[in-house]
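File shown here: protein-v6.cif, holding mmCIF, C-alpha atoms.
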```cif
data_start
loop_
_atom_site.label_atom_id
_atom_site.label_comp_id
_atom_site.auth_asym_id
_atom_site.auth_seq_id
_atom_site.Cartn_x
_atom_site.Cartn_y
_atom_site.Cartn_z
CA MET H 154 69.00 -8.43 -38.54
CA GLN H 155 68.36 -4.85 -37.45
CA LYS H 156 66.07 -4.41 -40.44
CA SER H 157 64.05 -7.51 -39.41
CA ILE H 158 63.68 -6.20 -35.87
CA LEU H 159 62.49 -2.83 -37.17
CA ILE H 160 59.92 -4.56 -39.39
CA ILE H 161 58.64 -6.61 -36.44
CA PHE H 162 58.33 -3.49 -34.26
CA PHE H 163 56.59 -1.67 -37.10
CA VAL H 164 54.07 -4.51 -37.60
CA LEU H 165 53.39 -4.67 -33.85
CA PHE H 166 52.95 -0.87 -33.73
CA ILE H 167 50.49 -0.92 -36.62
CA HIS H 168 48.64 -3.85 -35.04
CA ASN H 169 48.34 -2.14 -31.66
CA THR H 170 47.29 1.23 -33.06
CA SER H 171 44.60 -0.50 -35.11
CA LEU H 172 43.06 -1.62 -31.83
CA SER H 173 41.47 1.49 -30.35
CA ASP H 174 39.71 1.56 -27.00
CA VAL H 175 35.98 0.94 -27.21
CA GLU H 176 33.25 1.03 -24.58
CA LEU H 177 31.40 -1.99 -23.24
CA VAL H 178 28.24 -1.13 -21.31
CA PHE H 179 27.20 -3.55 -18.55
CA PHE H 180 23.88 -3.33 -16.69
CA TYR H 181 23.64 -5.25 -13.42
CA GLU H 182 21.48 -5.56 -10.31
CA THR H 183 22.82 -5.60 -6.76
CA GLY H 184 22.32 -9.03 -5.22
CA CYS H 185 21.90 -10.80 -8.57
CA PRO H 186 24.10 -13.99 -8.75
CA GLU H 187 24.09 -14.02 -12.56
CA CYS H 188 25.24 -10.38 -12.60
CA ARG H 189 28.15 -11.23 -10.29
CA HIS H 190 29.14 -14.06 -12.63
CA VAL H 191 29.16 -11.78 -15.68
CA ASP H 192 31.02 -9.07 -13.73
CA SER H 193 33.69 -11.63 -12.81
CA PHE H 194 34.00 -12.70 -16.47
CA LEU H 195 34.40 -9.09 -17.62
CA SER H 196 36.93 -8.31 -14.89
CA ASN H 197 39.04 -11.47 -15.21
CA ARG H 198 38.81 -12.29 -18.90
CA ILE H 199 37.94 -9.17 -20.91
CA ALA H 200 39.54 -6.30 -18.99
CA PRO H 201 43.09 -7.82 -18.71
CA ASN H 202 43.26 -8.92 -22.37
CA TYR H 203 41.51 -6.20 -24.36
CA PRO H 204 41.73 -2.37 -24.32
CA VAL H 205 38.06 -2.00 -23.46
CA ASP H 206 36.44 0.56 -21.17
CA ILE H 207 33.80 -1.27 -19.14
CA ILE H 208 31.00 1.07 -18.03
CA LYS H 209 28.71 -0.33 -15.34
CA TYR H 210 25.17 0.74 -14.45
CA GLU H 211 23.18 -0.48 -11.43
CA ILE H 212 19.61 -0.50 -12.71
CA HIS H 213 18.08 0.77 -9.45
CA HIS H 214 20.06 4.02 -9.53
CA SER H 215 18.44 7.07 -11.12
CA ASP H 216 17.00 6.20 -14.54
CA ASN H 217 19.46 3.39 -15.39
CA ALA H 218 16.70 0.85 -15.96
CA GLY H 219 15.15 3.15 -18.53
CA LEU H 220 18.55 3.57 -20.21
CA MET H 221 18.94 -0.21 -20.46
CA LEU H 222 15.49 -0.56 -22.02
CA GLN H 223 16.29 2.23 -24.48
CA LEU H 224 19.41 0.40 -25.61
CA ALA H 225 17.51 -2.90 -25.76
CA GLU H 226 15.03 -1.21 -28.09
CA ILE H 227 17.80 0.22 -30.29
CA TYR H 228 19.62 -3.14 -30.41
CA GLN H 229 16.29 -4.94 -30.93
CA SER H 230 17.04 -7.33 -28.06
CA GLU H 231 13.76 -8.91 -27.04
CA ARG H 232 15.59 -11.09 -24.50
CA ILE H 233 16.92 -8.06 -22.57
CA ARG H 234 13.50 -6.39 -22.67
CA GLU H 235 11.93 -9.51 -21.16
CA LYS H 236 14.62 -10.73 -18.73
CA GLY H 237 16.62 -7.58 -17.91
CA THR H 238 19.98 -8.00 -16.20
CA PRO H 239 22.70 -9.04 -16.69
CA ALA H 240 22.86 -7.15 -19.98
CA VAL H 241 25.95 -6.30 -22.03
CA PHE H 242 26.19 -3.96 -25.02
CA ILE H 243 29.33 -3.78 -27.18
CA GLY H 244 29.70 -2.56 -30.74
CA ASP H 245 26.65 -3.74 -32.65
CA GLU H 246 25.89 -6.66 -30.34
CA ALA H 247 23.78 -7.09 -27.19
CA PHE H 248 23.91 -10.03 -24.78
CA GLN H 249 21.83 -11.26 -21.85
CA GLY H 250 22.63 -14.11 -19.47
CA ILE H 251 25.71 -16.02 -18.26
CA SER H 252 26.01 -19.08 -20.52
CA ARG H 253 29.31 -20.03 -22.17
CA VAL H 254 27.77 -19.21 -25.54
CA VAL H 255 27.08 -15.69 -24.27
CA GLN H 256 30.62 -15.35 -22.91
CA ARG H 257 32.18 -16.48 -26.20
CA GLY H 258 29.84 -14.10 -28.02
CA ILE H 259 30.90 -11.17 -25.83
CA GLU H 260 34.60 -11.88 -26.41
CA GLN H 261 34.14 -12.17 -30.15
CA ALA H 262 32.06 -8.97 -30.20
CA VAL H 263 34.86 -7.20 -28.31
CA ARG H 264 37.42 -8.25 -30.94
CA THR H 265 35.14 -7.14 -33.75
CA ALA H 266 34.38 -3.82 -32.07
CA LEU H 267 38.09 -3.11 -31.58
CA HIS H 268 38.99 -3.79 -35.20
CA GLN H 269 36.02 -1.81 -36.50
CA HIS H 270 36.64 1.14 -34.15
CA ALA H 271 33.06 0.74 -32.97
CA VAL H 272 31.37 3.70 -31.31
CA SER H 273 30.08 3.56 -27.75
CA PRO H 274 26.63 1.98 -27.37
CA LEU H 275 25.63 5.10 -25.43
CA SER H 276 26.33 7.28 -28.47
CA LYS H 277 23.42 5.54 -30.17
CA ILE H 278 21.18 7.60 -27.88
CA PRO H 279 22.40 11.07 -28.98
CA GLU H 280 19.58 13.00 -27.34
CA SER H 281 19.56 11.19 -23.99
CA LYS H 282 21.51 13.88 -22.15
CA GLU H 283 19.36 16.67 -23.59
CA LYS H 284 16.18 14.78 -22.71
CA ASN H 285 17.35 14.22 -19.15
CA GLN H 286 18.11 17.93 -18.76
CA THR H 287 14.65 18.77 -20.10
CA SER H 288 12.97 16.43 -17.61
CA GLN H 289 15.04 17.93 -14.78
CA LYS H 290 13.79 21.43 -15.70
CA LEU H 291 10.25 20.27 -14.94
CA THR H 292 11.05 18.87 -11.50
CA LEU H 293 11.73 21.87 -9.23
CA PRO H 294 8.75 24.02 -10.40
CA ALA H 295 6.52 20.93 -10.18
CA VAL H 296 7.65 20.17 -6.60
CA ILE H 297 7.11 23.76 -5.46
CA SER H 298 3.72 24.11 -7.19
CA ALA H 299 2.35 20.77 -5.98
CA ALA H 300 3.58 21.43 -2.44
CA ALA H 301 1.96 24.88 -2.49
CA VAL H 302 -1.49 23.57 -3.43
CA ASP H 303 -1.11 20.68 -0.99
CA ALA H 304 -0.16 23.15 1.75
CA VAL H 305 -3.48 24.98 1.57
CA ASN H 306 -5.40 21.71 1.53
CA PRO H 307 -8.68 22.31 3.41
CA CYS H 308 -8.44 18.99 5.26
CA ALA H 309 -5.05 19.52 6.89
CA CYS H 310 -5.77 23.12 7.87
CA ALA H 311 -9.12 22.12 9.37
CA VAL H 312 -7.52 19.54 11.65
CA LEU H 313 -4.87 21.98 12.85
CA VAL H 314 -7.49 24.65 13.57
CA LEU H 315 -9.53 22.08 15.50
CA LEU H 316 -6.47 21.09 17.53
CA LEU H 317 -5.48 24.67 18.30
CA GLY H 318 -9.06 25.47 19.28
CA THR H 319 -8.97 22.66 21.83
CA ILE H 320 -5.58 23.77 23.15
CA LEU H 321 -6.79 27.37 23.30
CA LEU H 322 -9.74 26.46 25.51
CA SER H 323 -7.75 24.20 27.82
CA ALA H 324 -4.68 26.46 28.04
CA LYS H 325 -6.69 29.57 28.92
CA HIS H 326 -4.73 31.59 26.36
CA GLU H 327 -1.31 30.47 27.60
CA ARG H 328 0.86 31.56 24.66
CA ASN H 329 3.72 29.10 25.18
CA LYS H 330 1.38 26.14 25.44
CA ILE H 331 -0.49 27.08 22.26
CA LEU H 332 2.72 27.67 20.30
CA GLY H 333 4.32 24.49 21.64
CA ALA H 334 1.33 22.34 20.69
CA GLY H 335 1.08 23.88 17.23
CA PHE H 336 4.80 23.43 16.52
CA ALA H 337 4.74 19.86 17.86
CA PHE H 338 1.78 18.98 15.63
CA THR H 339 3.55 20.58 12.67
CA ALA H 340 6.80 18.71 13.36
CA ALA H 341 4.93 15.40 13.57
CA CYS H 342 3.23 15.99 10.21
CA PHE H 343 6.54 16.99 8.61
CA ILE H 344 8.39 13.93 9.92
CA SER H 345 5.66 11.42 9.10
CA TYR H 346 5.06 12.70 5.56
CA PHE H 347 8.77 12.94 4.81
CA MET H 348 9.41 9.37 6.00
CA MET H 349 6.41 8.03 4.08
CA GLY H 350 7.58 9.83 0.94
CA LEU H 351 11.15 8.59 1.28
CA GLY H 352 9.96 5.03 1.85
CA LEU H 353 7.72 5.10 -1.22
CA PHE H 354 10.51 6.59 -3.35
CA HIS H 355 12.93 3.81 -2.36
CA ALA H 356 10.26 1.13 -2.87
CA VAL H 357 9.64 2.31 -6.44
CA GLN H 358 13.37 2.36 -7.27
CA ILE H 359 14.07 -1.02 -5.71
CA ALA H 360 11.22 -2.53 -7.71
CA GLY H 361 12.69 -1.01 -10.88
CA ILE H 362 9.32 0.22 -12.17
CA GLU H 363 10.02 3.96 -12.40
CA GLN H 364 8.79 4.23 -16.00
CA TYR H 365 5.45 2.57 -15.22
CA ILE H 366 5.01 4.61 -12.03
CA TYR H 367 5.73 7.82 -13.96
CA ILE H 368 3.01 7.02 -16.48
CA PHE H 369 0.62 6.03 -13.68
CA VAL H 370 1.15 9.24 -11.70
CA SER H 371 0.77 11.30 -14.88
CA VAL H 372 -2.70 9.87 -15.29
CA LEU H 373 -3.30 10.21 -11.53
CA ALA H 374 -2.45 13.92 -11.68
CA ILE H 375 -5.04 14.42 -14.42
CA VAL H 376 -7.67 12.50 -12.41
CA ILE H 377 -6.92 14.49 -9.22
CA GLY H 378 -7.09 17.73 -11.18
CA MET H 379 -10.47 16.93 -12.71
CA TRP H 380 -11.74 15.67 -9.35
CA ASN H 381 -10.83 18.93 -7.62
CA ILE H 382 -12.41 20.97 -10.40
CA LYS H 383 -15.54 18.88 -9.94
CA ASP H 384 -15.51 19.76 -6.22
CA TYR H 385 -15.42 23.46 -7.14
CA PHE H 386 -18.60 23.24 -9.19
CA TRP H 387 -20.38 20.40 -7.34
CA HIS H 388 -18.97 20.31 -3.82
CA ARG H 389 -19.71 17.07 -1.89
CA ARG H 390 -21.76 15.65 -4.75
CA TRP H 391 -20.92 12.07 -5.66
CA PHE H 392 -17.41 11.52 -4.31
CA SER H 393 -15.49 14.41 -2.74
CA ILE H 394 -11.71 14.53 -2.49
CA GLU H 395 -11.72 15.18 1.24
CA VAL H 396 -11.60 13.13 4.41
CA PRO H 397 -14.73 10.93 4.40
CA LYS H 398 -17.46 12.09 6.79
CA SER H 399 -17.36 8.74 8.55
CA TRP H 400 -13.72 9.42 9.53
CA GLN H 401 -14.29 12.94 10.83
CA PRO H 402 -15.54 11.87 14.32
CA THR H 403 -12.33 9.86 14.73
CA VAL H 404 -10.21 12.91 13.88
CA LYS H 405 -12.17 15.04 16.35
CA ARG H 406 -11.83 12.39 19.03
CA ILE H 407 -8.04 12.29 18.58
CA THR H 408 -7.67 16.06 18.88
CA SER H 409 -10.37 16.86 21.45
CA ASN H 410 -8.45 15.55 24.45
CA ILE H 411 -5.01 16.87 23.52
CA THR H 412 -3.79 19.41 26.05
CA SER H 413 0.00 18.90 26.01
CA VAL H 414 2.91 19.27 23.60
CA PRO H 415 3.73 15.51 23.51
CA GLY H 416 0.03 14.80 22.98
CA ALA H 417 -0.09 17.23 20.08
CA PHE H 418 2.96 15.55 18.53
CA PHE H 419 1.50 12.05 18.70
CA SER H 420 -1.87 13.29 17.48
CA GLY H 421 -0.03 14.76 14.47
CA LEU H 422 1.42 11.34 13.69
CA ALA H 423 -2.00 9.68 13.96
CA VAL H 424 -3.86 12.35 12.01
CA SER H 425 -1.26 12.23 9.20
CA ILE H 426 -2.42 8.72 8.37
CA LEU H 427 -6.10 9.71 8.46
CA LEU H 428 -5.41 12.69 6.19
CA LEU H 429 -3.83 10.57 3.46
CA PRO H 430 -7.03 10.27 1.35
CA CYS H 431 -7.22 14.02 0.83
CA THR H 432 -3.57 15.10 1.01
CA SER H 433 -1.59 12.29 -0.61
CA GLY H 434 -2.63 12.88 -4.23
CA PRO H 435 -0.15 15.64 -5.18
CA TYR H 436 2.49 14.03 -2.97
CA VAL H 437 2.25 10.66 -4.73
CA VAL H 438 2.44 12.39 -8.12
CA ILE H 439 5.65 14.20 -7.12
CA ILE H 440 7.21 11.03 -5.66
CA GLY H 441 6.45 9.21 -8.91
CA MET H 442 8.09 12.02 -10.87
CA LEU H 443 11.17 12.01 -8.61
CA SER H 444 11.59 8.25 -8.95
CA LYS H 445 12.10 8.79 -12.67
CA THR H 446 13.95 12.12 -12.85
CA ALA H 447 16.00 12.45 -9.64
CA THR H 448 18.88 10.69 -7.95
CA ARG H 449 18.43 9.57 -4.33
CA ILE H 450 20.22 12.60 -2.92
CA GLN H 451 18.18 14.93 -5.12
CA ALA H 452 14.99 13.14 -4.07
CA VAL H 453 15.78 13.64 -0.37
CA LEU H 454 16.34 17.37 -0.92
CA TYR H 455 13.18 17.71 -3.01
CA LEU H 456 11.12 15.85 -0.39
CA LEU H 457 12.49 18.08 2.38
CA LEU H 458 11.55 21.15 0.33
CA TYR H 459 8.09 19.75 -0.47
CA ASN H 460 7.28 18.97 3.14
CA PHE H 461 8.59 22.30 4.40
CA ILE H 462 6.22 24.09 2.00
CA PHE H 463 3.45 21.67 2.98
CA VAL H 464 3.67 22.55 6.71
CA LEU H 465 4.31 26.26 6.18
CA PRO H 466 0.61 27.20 6.66
CA PHE H 467 0.63 25.16 9.87
CA LEU H 468 3.45 27.35 11.17
CA VAL H 469 1.68 30.56 10.10
CA ILE H 470 -1.62 29.54 11.71
CA THR H 471 0.18 28.48 14.91
CA VAL H 472 2.01 31.81 15.17
CA VAL H 473 -0.96 34.10 14.41
CA VAL H 474 -3.27 32.20 16.78
CA GLY H 475 -0.64 31.70 19.47
CA LEU H 476 0.36 35.37 19.48
CA GLY H 477 -3.27 36.49 19.51
CA PHE H 478 -3.42 38.12 16.07
CA THR H 479 -6.54 36.12 15.23
CA THR H 480 -8.75 33.34 16.57
CA THR H 481 -9.32 29.78 15.47
CA ALA H 482 -12.93 30.66 14.68
CA LYS H 483 -11.84 33.32 12.18
CA VAL H 484 -9.31 31.00 10.60
CA GLU H 485 -11.95 28.28 10.23
CA THR H 486 -14.43 30.75 8.72
CA TRP H 487 -11.82 31.84 6.17
CA ARG H 488 -10.99 28.22 5.37
CA GLN H 489 -14.61 27.34 4.69
CA LYS H 490 -15.12 30.41 2.49
CA LYS H 491 -12.03 29.68 0.41
CA SER H 492 -12.43 25.90 0.27
CA ALA H 493 -14.03 25.88 -3.19
CA VAL H 494 -11.44 28.27 -4.64
CA LEU H 495 -8.62 26.16 -3.22
CA HIS H 496 -10.12 23.09 -4.88
CA LEU H 497 -10.21 24.96 -8.20
CA LEU H 498 -6.58 26.10 -7.95
CA THR H 499 -5.47 22.61 -7.00
CA GLY H 500 -7.46 21.15 -9.88
CA ILE H 501 -6.02 23.49 -12.50
CA LEU H 502 -2.44 22.95 -11.35
CA MET H 503 -2.67 19.15 -11.09
CA LEU H 504 -4.47 18.87 -14.44
CA GLY H 505 -1.80 21.03 -16.10
CA LEU H 506 1.02 19.06 -14.47
CA GLY H 507 -0.47 15.75 -15.56
CA LEU H 508 -0.87 16.92 -19.16
CA VAL H 509 2.73 18.20 -19.26
CA MET H 510 4.01 14.88 -17.86
CA ILE H 511 2.02 12.88 -20.42
CA GLY H 512 3.30 15.18 -23.16
CA MET H 513 6.92 14.60 -22.10
CA VAL H 514 6.37 10.84 -22.22
CA LEU H 515 4.85 11.04 -25.71
CA LEU H 516 7.64 13.31 -26.95
CA GLY H 517 10.29 10.96 -25.58
CA PHE H 518 11.77 13.26 -22.96
CA ILE H 519 11.00 10.76 -20.17
#
```

Since I need it in another form, could you write the structure as structure tokens?
Amino acid sequence: MQKSILIIFFVLFIHNTSLSDVELVFFYETGCPECRHVDSFLSNRIAPNYPVDIIKYEIHHSDNAGLMLQLAEIYQSERIREKGTPAVFIGDEAFQGISRVVQRGIEQAVRTALHQHAVSPLSKIPESKEKNQTSQKLTLPAVISAAAVDAVNPCACAVLVLLLGTILLSAKHERNKILGAGFAFTAACFISYFMMGLGLFHAVQIAGIEQYIYIFVSVLAIVIGMWNIKDYFWHRRWFSIEVPKSWQPTVKRITSNITSVPGAFFSGLAVSILLLPCTSGPYVVIIGMLSKTATRIQAVLYLLLYNFIFVLPFLVITVVVGLGFTTTAKVETWRQKKSAVLHLLTGILMLGLGLVMIGMVLLGFI
């Protein structure tokens, strides 16, 4: 009797140890009814009955959508590539949908994976972590460089100089009024550009098109770079990457009657929209890059850094003019003299950034 009991325990021990924990990878989308149904099936049927680690990925977070498509490619699942979530990967099998056939298939695949000691689906992408680290190394230098060339954009500086010139004449050299107006204008530009950038970043992630946006902005960076280089050699010939001449009277009209700090702030909000044609290029490229390589918290920090660098010249101009170290006329003369050189520097940097981004896509790092 004791011998029989020992044999039974031994058989059960061998049976249990032959079933090792395996990983099931589940991709879902917040608000998706089918995803909730699959999640319920995994939680109520699979998790209580099988020693399986269920790893969940919301496809709108970070680069999870790209990870799902990578696995779909490896598993050769055309259905997941076409329809997306809900998607389940276990052992050597991939499933999409909520039908009973799919549920039975998932359960059978779990049993097979347990008995075969199947590796995690994520281990089939051995270089994914290294690739992500490589893409992250590009992000911070790219943000700083793009913000730096955007900061010395001739359009934005011209509008600020025009505003300060108006304030200077009306304030009769009242230092506090000049400084207040300049800082208010700067704050308005910072807030409006940061909010626009954050909104665009979230829109791209919610749509789940980070990969396509990344490729698009890579090409856009190359186009902006070549366009700026063209403006260095043939300024204002054909199309120029500056505020259209037809819009310039509107900008002057907005700033010409501003004589107060609140007025300067609201003019900054209005002018930010009018400046988009000549200042949004590098910004859009960086937002597209962040949507693919950064988490939401990282994106917020990067956008704050970008916009601080972007408005830094505004602060410098405000201080040197407000404290009487120079005049708006001298600043404007310097801006016009250096305009072509600034276009060239912007062009070289954006062209280089675009080529690096395209190269990373082709090499599989993005």

**Distance criterion (only C-alpha atoms): nearest to H:Ala300 out of H:Cys342, H:Leu332, H:Leu457, H:Ala423** = H:Leu457

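Pairwise distance (atom CA of H:Glu176, atom CA of H:Asp206) equals 4.7 Å.
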
**Request:** Evaluate the PyMOL selection byres ((chain H and resi 247) around 12) here and jot the selected residues down as a VMD selection string.
**Result:** chain H and resid 177 to 180 221 to 222 224 to 234 237 to 246 248 to 250 255 to 256 258 to 263 274

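Comparing H:Ser371, H:Asn329, H:Gln223, H:Thr446 by their smallest distance to H:Leu508, the closest is H:Ser371 (using all atoms listed in the file).
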
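Atom pair atom CA of H:Leu351 / atom CA of H:Val453 has a distance of 7.0 Å (rounded to one decimal).
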
**Request:** Select, from H:Leu468, H:Ala299, H:Val175, H:Leu293, the residue with the minimum atom-to-atom distance to H:Thr265, counting all atoms listed in the file.
**Result:** H:Val175

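Between atom CA of H:Gln451 and atom CA of H:Arg189 the separation is 28.5 Å.
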